[in-house]
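Structure first, commentary second.
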There are 2 protein chains.
Amino acid sequence: MAALQLFILCVVLNMVLSSSQQIITTLPGFDGDLPFKLETGYIGVGQNDDVQLFYYFIESERSPEDDPLVLWLSGGPGCSGFSGLVFEIGPLSFDYEKSKVNLPKFLLNPYSWTKVANIIFLDAPVGTGFSYANTWQGYIMNDTLSAAQNYYFLRKWLIAHPSFLANPLYIGGDSYSGIIVPMIVQHISDGIDVGHRPRMNLKGYLLGNPLTDSTENQNSVPHFAYLNALISHEIYESAKRNCQGEYVNVDPSNGLCIADLENITECISRVNHAQIYEPSCRGPFISPRRKLFNWNRSIIEEDSLDFLSSPTQPAASGTWCRFHNYVYSYIWANDKTVQRAIGVQEGTVKYWVRCNQSLSYTKDVSSSLAYHRNLIKKGYQVLIYSGDVDMKVPYVATEAWIKSLNLTIETGWQPWFVEGQVAGYWYRYKEKNNYHLTFATVKGAGHTAPEYKPKECLGMIDRWFACHPL
Amino acid sequence: MAALQLFILCVVLNMVLSSSQQIITTLPGFDGDLPFKLETGYIGVGQNDDVQLFYYFIESERSPEDDPLVLWLSGGPGCSGFSGLVFEIGPLSFDYEKSKVNLPKFLLNPYSWTKVANIIFLDAPVGTGFSYANTWQGYIMNDTLSAAQNYYFLRKWLIAHPSFLANPLYIGGDSYSGIIVPMIVQHISDGIDVGHRPRMNLKGYLLGNPLTDSTENQNSVPHFAYLNALISHEIYESAKRNCQGEYVNVDPSNGLCIADLENITECISRVNHAQIYEPSCRGPFISPRRKLFNWNRSIIEEDSLDFLSSPTQPAASGTWCRFHNYVYSYIWANDKTVQRAIGVQEGTVKYWVRCNQSLSYTKDVSSSLAYHRNLIKKGYQVLIYSGDVDMKVPYVATEAWIKSLNLTIETGWQPWFVEGQVAGYWYRYKEKNNYHLTFATVKGAGHTAPEYKPKECLGMIDRWFACHPL
């Protein structure tokens, strides 16, 4: 028993010693002291801590000791936690009016989820944002390993921040995190069962426009396109008939199906898949890389890099494109002064990109449905929300896998409101073990929802954390 | 023969003598001379010309002698032509930043359809805008009489403007004009057949988000709501089953259907029916008059009147509402200086409203489908377009009646583009007699489309007038 305790102590000590952290009170681009508490740091994971995961931690601006603690992942894989922080749910956003190409300026986001929660924005997997490996082997990654490393990260982070051990813990993320988050939750849940230290106060998980099953997701695109008047009922019915609902793994000799899919592709390929009513800023004539079925929001990233060499404001170049907004993140995060200010170790990351597509990453888990099914048994609180005009991970795909779980309906489809406006629709399932799954659409939001409807999403998350009806 | 000629001459003289017109070069609220040619006037119709229809005529800014001549009606019934002129397809719009509550200012609309067409904006039926009757009997109106009066108006207008007799003539309008416009076209067509003077160079007609069959339109609302994630698939299927697709004339003893409709009403009643992604500015708590199935865009008008007594900018009062934009039209059009400037006869109209709901009007034609069916035989060009997120006259209702005509498809469903962006989708039917019917959706546009997507709609109409593919 003494030997076991000594072993645990050693593990814990090793966990703490291999991490670094610092409190940041000012940031280049933000005038004056930050009005919230920001910490950044690295935590070593993997063999001999050869993988160093970088994070941004922001304390709740309400009641840090009582509010939930959320570990947040931005998807991709390869999208930096900083992207979640400045473009989605964090307290900062770029001030596009006052920013200059070489001098990005920040604004405060009045709808930050840090108004109601403590949030760790994690650069994961390795190769994402400022996270790096000391060995080339460390960069070889897959879903399984990434989830395990994220779990290990969280254990070490909590050991280093014991004051947050008692807070309700949630794991969250969007897009590709739909694969990783349930796996992390499973690790935590298993860890609780076998008595891993530190003991985590896991309450549940939340996912926005989450990829859950890549094939099913891709197969839902024609249905979504039909629902939203992007293809005709005739084309949709013909494709359903000729392709038997399978639009990904198509028999090359099935000419009728292929003709239908070409028809569908012609109709939707130049629509902005992330938000079908916003401009699309690349057509097939710009890049042959655009795919019919693609949930990866980073595909448009490279275009924005062109702006870095432009002497004018990103948005001044014709059609407004949402990805112009991302340009300042490249400038800011690659500034040496900035990197020093947030404690980035020099020489570790050559060039910061918002979503790194050059990871050495194997997607070894094509569906996370089995994890959801397992976790139902545990009594967690689950929130799944979908911007309803996102064609990358269409809400119909999400609805379909939720229905396939055959849960017991507690509350049927109904509107939820923010400031008297219908912000979307929701329903809730309940199982005997107190497991609750809430599904919510966010009306008019894209991939992912808080970037498009920040006010509405803060309203949603605040109520959900408080266990109120949406 | 001489007697007949004399009779025609008398008719024509009477037609000309009973009209008044004036050229307007400056307008209160617009700095400097108008950069387009505006004429306003009255034309007498009805018994002894007791009905005086007011119009705004704007010459094409391109080539008035070659460009089409369009008679435009704004629907309602009761919506002023001025509304079409400043909020939809005309060259002026209010400058919301520079306007003050007592001093509306105009901007030029770069996407005015008068860039490519001569347009008569008509205040019809009587009681609409500045149109009035000299007798109380003159105010008693219905669809049949209104269409006949509009036809008579156009004949007189063309006699007074013979230089436009050779221009390609189109009749157009939106919303409730879906009932009236085909009837006017039928009158013109019949008139051509029987040799009415002046002989009109009728080429076709165009309708935006047009009401065509009121019952079918109302029955399409649940389908549209389902397609757009406002109600669940389950509720929709249940309602279809229980109500047998009939949601208007419901058997009061059909409890299951009534329960489903209550469910649907709860889901959609607080959504903005004119554009489902824009804020709704009245809920059931504001007004019990909101109906589940209502295509009348004037229902929100009265609210905006409240702003007239407000000392601040209309838009400064919390949630942005599109109908705040309409407030300046009330201030401007009720200003005596303005009325003198545009030649309004003093004492004829007590108070100008954008959409007059207090007409003494009987809707005696519940469907204009038979008119469309008749007109197919005549070889006209027809454009029907639908903002695809309008729930007042949902595009699915419009598609359904077009399909019911069983025409021959010439071009299948495909995207159309403006500035490289998918602006909507279109297809075209062709009949042997050279009749073409084009149906186009306008992506992301509400009721009615040019108000929401002006640039796209100008692109659409310019190509359509030129007989190009969309």
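In the structure tokens, the first chain shown is A, the next is B, and so on; residue numbers restart at 1 for each chain, and ligands run from 1 in the order shown.
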
Polymer residues at most 9 Å from range 376-378 of chain B, only C-alpha atoms, same-chain spacing of 6 or more positions, as a count of residues only: 7

Excluding range 237-243 of chain A and its own-chain neighbours fewer than 6 positions away, which residues fall within 10 Å of it when counting only C-alpha atoms? Please give them as a list in words. Pro222, His223, Tyr226, Asn249, Val250, Asp251, Asn254, Gly255, Leu256, Cys257, Ile258, Ala259, Asp260, Leu261, Asn263 and Ile264 of chain A

Can I get the selection written as a PDB file, in the first residue's frame, with N, CA, C and O atoms?
ATOM      1  N   PRO A 222     -26.814  15.656 -49.401  1.00  0.00           N
ATOM      2  CA  PRO A 222     -27.899  15.874 -50.382  1.00  0.00           C
ATOM      3  C   PRO A 222     -29.248  16.152 -49.715  1.00  0.00           C
ATOM      4  O   PRO A 222     -30.008  16.998 -50.195  1.00  0.00           O
ATOM      5  N   HIS A 223     -29.527  15.471 -48.608  1.00  0.00           N
ATOM      6  CA  HIS A 223     -30.781  15.721 -47.904  1.00  0.00           C
ATOM      7  C   HIS A 223     -30.841  17.163 -47.413  1.00  0.00           C
ATOM      8  O   HIS A 223     -31.824  17.885 -47.631  1.00  0.00           O
ATOM      9  N   TYR A 226     -31.365  19.529 -50.273  1.00  0.00           N
ATOM     10  CA  TYR A 226     -32.766  19.556 -50.717  1.00  0.00           C
ATOM     11  C   TYR A 226     -33.620  20.375 -49.756  1.00  0.00           C
ATOM     12  O   TYR A 226     -34.421  21.223 -50.173  1.00  0.00           O
ATOM     13  N   ASN A 249     -19.395   6.037 -50.954  1.00  0.00           N
ATOM     14  CA  ASN A 249     -18.765   4.854 -51.547  1.00  0.00           C
ATOM     15  C   ASN A 249     -19.633   4.368 -52.712  1.00  0.00           C
ATOM     16  O   ASN A 249     -20.414   3.440 -52.573  1.00  0.00           O
ATOM     17  N   VAL A 250     -19.474   5.054 -53.836  1.00  0.00           N
ATOM     18  CA  VAL A 250     -20.355   4.790 -54.976  1.00  0.00           C
ATOM     19  C   VAL A 250     -19.712   3.789 -55.920  1.00  0.00           C
ATOM     20  O   VAL A 250     -18.516   3.890 -56.233  1.00  0.00           O
ATOM     21  N   ASP A 251     -20.490   2.838 -56.344  1.00  0.00           N
ATOM     22  CA  ASP A 251     -20.056   1.870 -57.354  1.00  0.00           C
ATOM     23  C   ASP A 251     -19.761   2.631 -58.652  1.00  0.00           C
ATOM     24  O   ASP A 251     -20.664   3.266 -59.213  1.00  0.00           O
ATOM     25  N   ASN A 254     -22.134   2.525 -61.538  1.00  0.00           N
ATOM     26  CA  ASN A 254     -23.508   3.025 -61.358  1.00  0.00           C
ATOM     27  C   ASN A 254     -23.630   4.410 -61.995  1.00  0.00           C
ATOM     28  O   ASN A 254     -23.578   5.440 -61.319  1.00  0.00           O
ATOM     29  N   GLY A 255     -23.806   4.400 -63.307  1.00  0.00           N
ATOM     30  CA  GLY A 255     -23.812   5.649 -64.061  1.00  0.00           C
ATOM     31  C   GLY A 255     -24.925   6.604 -63.662  1.00  0.00           C
ATOM     32  O   GLY A 255     -24.735   7.817 -63.615  1.00  0.00           O
ATOM     33  N   LEU A 256     -26.093   6.067 -63.353  1.00  0.00           N
ATOM     34  CA  LEU A 256     -27.230   6.923 -62.982  1.00  0.00           C
ATOM     35  C   LEU A 256     -26.924   7.677 -61.698  1.00  0.00           C
ATOM     36  O   LEU A 256     -27.173   8.882 -61.585  1.00  0.00           O
ATOM     37  N   CYS A 257     -26.374   6.952 -60.734  1.00  0.00           N
ATOM     38  CA  CYS A 257     -26.027   7.590 -59.453  1.00  0.00           C
ATOM     39  C   CYS A 257     -24.951   8.652 -59.666  1.00  0.00           C
ATOM     40  O   CYS A 257     -25.059   9.766 -59.164  1.00  0.00           O
ATOM     41  N   ILE A 258     -23.954   8.297 -60.447  1.00  0.00           N
ATOM     42  CA  ILE A 258     -22.862   9.248 -60.672  1.00  0.00           C
ATOM     43  C   ILE A 258     -23.376  10.503 -61.376  1.00  0.00           C
ATOM     44  O   ILE A 258     -22.994  11.626 -61.033  1.00  0.00           O
ATOM     45  N   ALA A 259     -24.288  10.322 -62.328  1.00  0.00           N
ATOM     46  CA  ALA A 259     -24.875  11.490 -63.016  1.00  0.00           C
ATOM     47  C   ALA A 259     -25.638  12.359 -62.026  1.00  0.00           C
ATOM     48  O   ALA A 259     -25.545  13.593 -62.041  1.00  0.00           O
ATOM     49  N   ASP A 260     -26.392  11.717 -61.131  1.00  0.00           N
ATOM     50  CA  ASP A 260     -27.127  12.486 -60.124  1.00  0.00           C
ATOM     51  C   ASP A 260     -26.167  13.257 -59.217  1.00  0.00           C
ATOM     52  O   ASP A 260     -26.402  14.419 -58.890  1.00  0.00           O
ATOM     53  N   LEU A 261     -25.083  12.586 -58.827  1.00  0.00           N
ATOM     54  CA  LEU A 261     -24.132  13.253 -57.923  1.00  0.00           C
ATOM     55  C   LEU A 261     -23.433  14.414 -58.627  1.00  0.00           C
ATOM     56  O   LEU A 261     -23.154  15.446 -58.007  1.00  0.00           O
ATOM     57  N   ASN A 263     -24.819  16.240 -60.880  1.00  0.00           N
ATOM     58  CA  ASN A 263     -25.868  17.256 -60.860  1.00  0.00           C
ATOM     59  C   ASN A 263     -25.899  17.977 -59.507  1.00  0.00           C
ATOM     60  O   ASN A 263     -25.946  19.219 -59.426  1.00  0.00           O
ATOM     61  N   ILE A 264     -25.854  17.201 -58.450  1.00  0.00           N
ATOM     62  CA  ILE A 264     -25.861  17.776 -57.103  1.00  0.00           C
ATOM     63  C   ILE A 264     -24.616  18.631 -56.882  1.00  0.00           C
ATOM     64  O   ILE A 264     -24.680  19.750 -56.371  1.00  0.00           O
TER      65      ILE A 264
END

Fewer than 2 positions away in the same chain doesn't count, so skip those; otherwise give me all residues within 12 Å of Ile179 in chain A, counting only C-alpha atoms, as a PyMOL selection string. chain A and resi 73-77+142-144+146-147+172-177+181-186+207-214+363-372

Please write the residues from the selection above to a file, keeping C-alpha atoms, as an mmCIF file, in the first residue's frame.
data_model
loop_
_atom_site.group_PDB
_atom_site.id
_atom_site.type_symbol
_atom_site.label_atom_id
_atom_site.label_comp_id
_atom_site.auth_asym_id
_atom_site.auth_seq_id
_atom_site.Cartn_x
_atom_site.Cartn_y
_atom_site.Cartn_z
ATOM 1 C CA LEU A 73 -11.212 21.673 -28.409
ATOM 2 C CA SER A 74 -11.576 23.429 -31.749
ATOM 3 C CA GLY A 75 -11.674 20.490 -34.132
ATOM 4 C CA GLY A 76 -9.989 20.220 -37.501
ATOM 5 C CA PRO A 77 -8.059 18.175 -36.489
ATOM 6 C CA ASN A 142 -4.290 9.469 -34.479
ATOM 7 C CA ASP A 143 -7.693 9.872 -32.812
ATOM 8 C CA THR A 144 -7.047 7.234 -30.182
ATOM 9 C CA SER A 146 -4.890 12.191 -29.277
ATOM 10 C CA ALA A 147 -7.832 11.465 -26.969
ATOM 11 C CA GLY A 172 -16.565 20.499 -25.118
ATOM 12 C CA GLY A 173 -15.710 21.283 -28.671
ATOM 13 C CA ASP A 174 -16.997 21.530 -32.170
ATOM 14 C CA SER A 175 -16.663 20.078 -35.659
ATOM 15 C CA TYR A 176 -14.075 17.289 -35.674
ATOM 16 C CA SER A 177 -14.090 17.328 -31.855
ATOM 17 C CA VAL A 181 -14.574 14.687 -27.121
ATOM 18 C CA PRO A 182 -16.671 11.554 -26.469
ATOM 19 C CA MET A 183 -13.423 9.557 -26.367
ATOM 20 C CA ILE A 184 -11.930 11.911 -23.772
ATOM 21 C CA VAL A 185 -15.130 11.698 -21.750
ATOM 22 C CA GLN A 186 -14.920 7.920 -21.913
ATOM 23 C CA LEU A 207 -20.603 19.480 -28.840
ATOM 24 C CA GLY A 208 -21.354 22.020 -31.543
ATOM 25 C CA ASN A 209 -21.964 20.932 -35.145
ATOM 26 C CA PRO A 210 -20.033 17.785 -34.244
ATOM 27 C CA LEU A 211 -18.736 15.280 -36.723
ATOM 28 C CA THR A 212 -19.927 11.944 -35.360
ATOM 29 C CA ASP A 213 -19.867 9.473 -38.216
ATOM 30 C CA SER A 214 -17.992 10.624 -41.282
ATOM 31 C CA LYS A 363 -8.257 9.235 -38.529
ATOM 32 C CA ASP A 364 -8.548 5.825 -36.948
ATOM 33 C CA VAL A 365 -12.043 6.372 -35.494
ATOM 34 C CA SER A 366 -14.635 6.934 -38.187
ATOM 35 C CA SER A 367 -17.566 7.154 -35.793
ATOM 36 C CA SER A 368 -17.936 8.187 -32.165
ATOM 37 C CA LEU A 369 -21.459 6.831 -31.921
ATOM 38 C CA ALA A 370 -20.369 3.856 -29.802
ATOM 39 C CA TYR A 371 -18.881 6.283 -27.266
ATOM 40 C CA HIS A 372 -22.140 8.205 -26.998
#

Please provide as a list in words all residues within 8 Å of range 331-338 of chain B, with the sequence filter that same-chain residues fewer than 4 positions apart are discarded (counting only C-alpha atoms).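 That gives Leu27, Pro28, Val101, Asn102, Leu103, Pro104, Leu308, Val327, Ile342, Tyr351 and Trp352 of chain B.
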
What are the closest atom pairs, with distances in Å to one decimal, for all residues of chain A lying within 9 Å of chain B? Consider only C-alpha atoms, order rows by chain and residue number, and present the result as JSON lines.
{"residue": "A:Phe224", "atom": "CA", "partner": "B:Leu227", "partner_atom": "CA", "distance": 8.9}
{"residue": "A:Tyr226", "atom": "CA", "partner": "B:Leu227", "partner_atom": "CA", "distance": 8.3}
{"residue": "A:Leu227", "atom": "CA", "partner": "B:Leu227", "partner_atom": "CA", "distance": 4.7}
{"residue": "A:Asn228", "atom": "CA", "partner": "B:Asn228", "partner_atom": "CA", "distance": 6.6}
{"residue": "A:Ala229", "atom": "CA", "partner": "B:Asp388", "partner_atom": "CA", "distance": 7.3}
{"residue": "A:Leu230", "atom": "CA", "partner": "B:Tyr425", "partner_atom": "CA", "distance": 7.1}
{"residue": "A:Ile231", "atom": "CA", "partner": "B:Trp413", "partner_atom": "CA", "distance": 7.2}
{"residue": "A:Ser232", "atom": "CA", "partner": "B:Trp413", "partner_atom": "CA", "distance": 6.3}
{"residue": "A:Ile235", "atom": "CA", "partner": "B:Trp413", "partner_atom": "CA", "distance": 8.4}
{"residue": "A:Asn263", "atom": "CA", "partner": "B:Gln414", "partner_atom": "CA", "distance": 8.4}
{"residue": "A:Glu266", "atom": "CA", "partner": "B:Gln414", "partner_atom": "CA", "distance": 7.5}
{"residue": "A:Cys267", "atom": "CA", "partner": "B:Pro415", "partner_atom": "CA", "distance": 5.6}
{"residue": "A:Ile268", "atom": "CA", "partner": "B:Pro415", "partner_atom": "CA", "distance": 8.1}
{"residue": "A:Arg270", "atom": "CA", "partner": "B:Val422", "partner_atom": "CA", "distance": 6.6}
{"residue": "A:Val271", "atom": "CA", "partner": "B:Val422", "partner_atom": "CA", "distance": 6.2}
{"residue": "A:Ile276", "atom": "CA", "partner": "B:Gly444", "partner_atom": "CA", "distance": 8.7}
{"residue": "A:Tyr277", "atom": "CA", "partner": "B:Gly444", "partner_atom": "CA", "distance": 5.9}
{"residue": "A:Glu278", "atom": "CA", "partner": "B:Gly444", "partner_atom": "CA", "distance": 8.9}
{"residue": "A:Pro279", "atom": "CA", "partner": "B:Gln421", "partner_atom": "CA", "distance": 6.4}
{"residue": "A:Ser280", "atom": "CA", "partner": "B:Gln421", "partner_atom": "CA", "distance": 6.6}
{"residue": "A:Cys281", "atom": "CA", "partner": "B:Gln421", "partner_atom": "CA", "distance": 8.3}
{"residue": "A:Gly283", "atom": "CA", "partner": "B:Gly420", "partner_atom": "CA", "distance": 8.0}
{"residue": "A:Thr319", "atom": "CA", "partner": "B:Glu419", "partner_atom": "CA", "distance": 8.6}
{"residue": "A:Asp388", "atom": "CA", "partner": "B:Ala229", "partner_atom": "CA", "distance": 7.3}
{"residue": "A:Val389", "atom": "CA", "partner": "B:Asn228", "partner_atom": "CA", "distance": 8.9}
{"residue": "A:Tyr395", "atom": "CA", "partner": "B:Ala229", "partner_atom": "CA", "distance": 8.9}
{"residue": "A:Trp413", "atom": "CA", "partner": "B:Ser232", "partner_atom": "CA", "distance": 6.3}
{"residue": "A:Gln414", "atom": "CA", "partner": "B:Cys267", "partner_atom": "CA", "distance": 5.8}
{"residue": "A:Pro415", "atom": "CA", "partner": "B:Cys267", "partner_atom": "CA", "distance": 5.7}
{"residue": "A:Glu419", "atom": "CA", "partner": "B:Thr319", "partner_atom": "CA", "distance": 8.6}
{"residue": "A:Gly420", "atom": "CA", "partner": "B:Gly283", "partner_atom": "CA", "distance": 8.0}
{"residue": "A:Gln421", "atom": "CA", "partner": "B:Pro279", "partner_atom": "CA", "distance": 6.4}
{"residue": "A:Val422", "atom": "CA", "partner": "B:Val271", "partner_atom": "CA", "distance": 6.2}
{"residue": "A:Gly424", "atom": "CA", "partner": "B:Leu230", "partner_atom": "CA", "distance": 7.8}
{"residue": "A:Tyr425", "atom": "CA", "partner": "B:Leu230", "partner_atom": "CA", "distance": 7.1}
{"residue": "A:Thr441", "atom": "CA", "partner": "B:Ala229", "partner_atom": "CA", "distance": 8.1}
{"residue": "A:Lys443", "atom": "CA", "partner": "B:Tyr277", "partner_atom": "CA", "distance": 7.0}
{"residue": "A:Gly444", "atom": "CA", "partner": "B:Tyr277", "partner_atom": "CA", "distance": 5.9}

Phe94 in chain B surroundings by only C-alpha atoms, 7 Å radius, close-in-sequence under 5 positions cut, as a ChimeraX atom specification: /B:104-107

Just to be explicit: take each residue in the selection above, keep N, CA, C and O atoms, and write the result as a PDB file, in the first residue's frame.
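Done, and the output landed in again-v1.pdb:
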ATOM      1  N   PRO B 104     -36.611  62.923 -43.392  1.00  0.00           N
ATOM      2  CA  PRO B 104     -36.050  61.758 -44.103  1.00  0.00           C
ATOM      3  C   PRO B 104     -35.181  62.205 -45.270  1.00  0.00           C
ATOM      4  O   PRO B 104     -35.503  63.187 -45.944  1.00  0.00           O
ATOM      5  N   LYS B 105     -34.086  61.485 -45.464  1.00  0.00           N
ATOM      6  CA  LYS B 105     -33.183  61.799 -46.570  1.00  0.00           C
ATOM      7  C   LYS B 105     -33.090  60.586 -47.488  1.00  0.00           C
ATOM      8  O   LYS B 105     -33.118  59.446 -47.028  1.00  0.00           O
ATOM      9  N   PHE B 106     -32.927  60.880 -48.763  1.00  0.00           N
ATOM     10  CA  PHE B 106     -32.830  59.790 -49.731  1.00  0.00           C
ATOM     11  C   PHE B 106     -31.388  59.488 -50.128  1.00  0.00           C
ATOM     12  O   PHE B 106     -30.525  60.368 -50.131  1.00  0.00           O
ATOM     13  N   LEU B 107     -31.197  58.257 -50.491  1.00  0.00           N
ATOM     14  CA  LEU B 107     -29.978  57.760 -51.133  1.00  0.00           C
ATOM     15  C   LEU B 107     -30.384  57.228 -52.504  1.00  0.00           C
ATOM     16  O   LEU B 107     -31.541  56.893 -52.713  1.00  0.00           O
TER      17      LEU B 107
END

Please give the complete set of residues from range 36-272 of chain A that DSSP, run on the backbone, assigns to strand (DSSP E), formatted as a PyMOL selection string. chain A and resi 38-45+51-58+69-73+92-94+106-108+118-122+132-133+141-142+169-174+202-208

CA of Ser20 in chain A to CA of Gly41 in chain A: how many Å, to one decimal?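 Straight-line distance from CA of Ser20 in chain A to CA of Gly41 in chain A works out to 5.3 Å.
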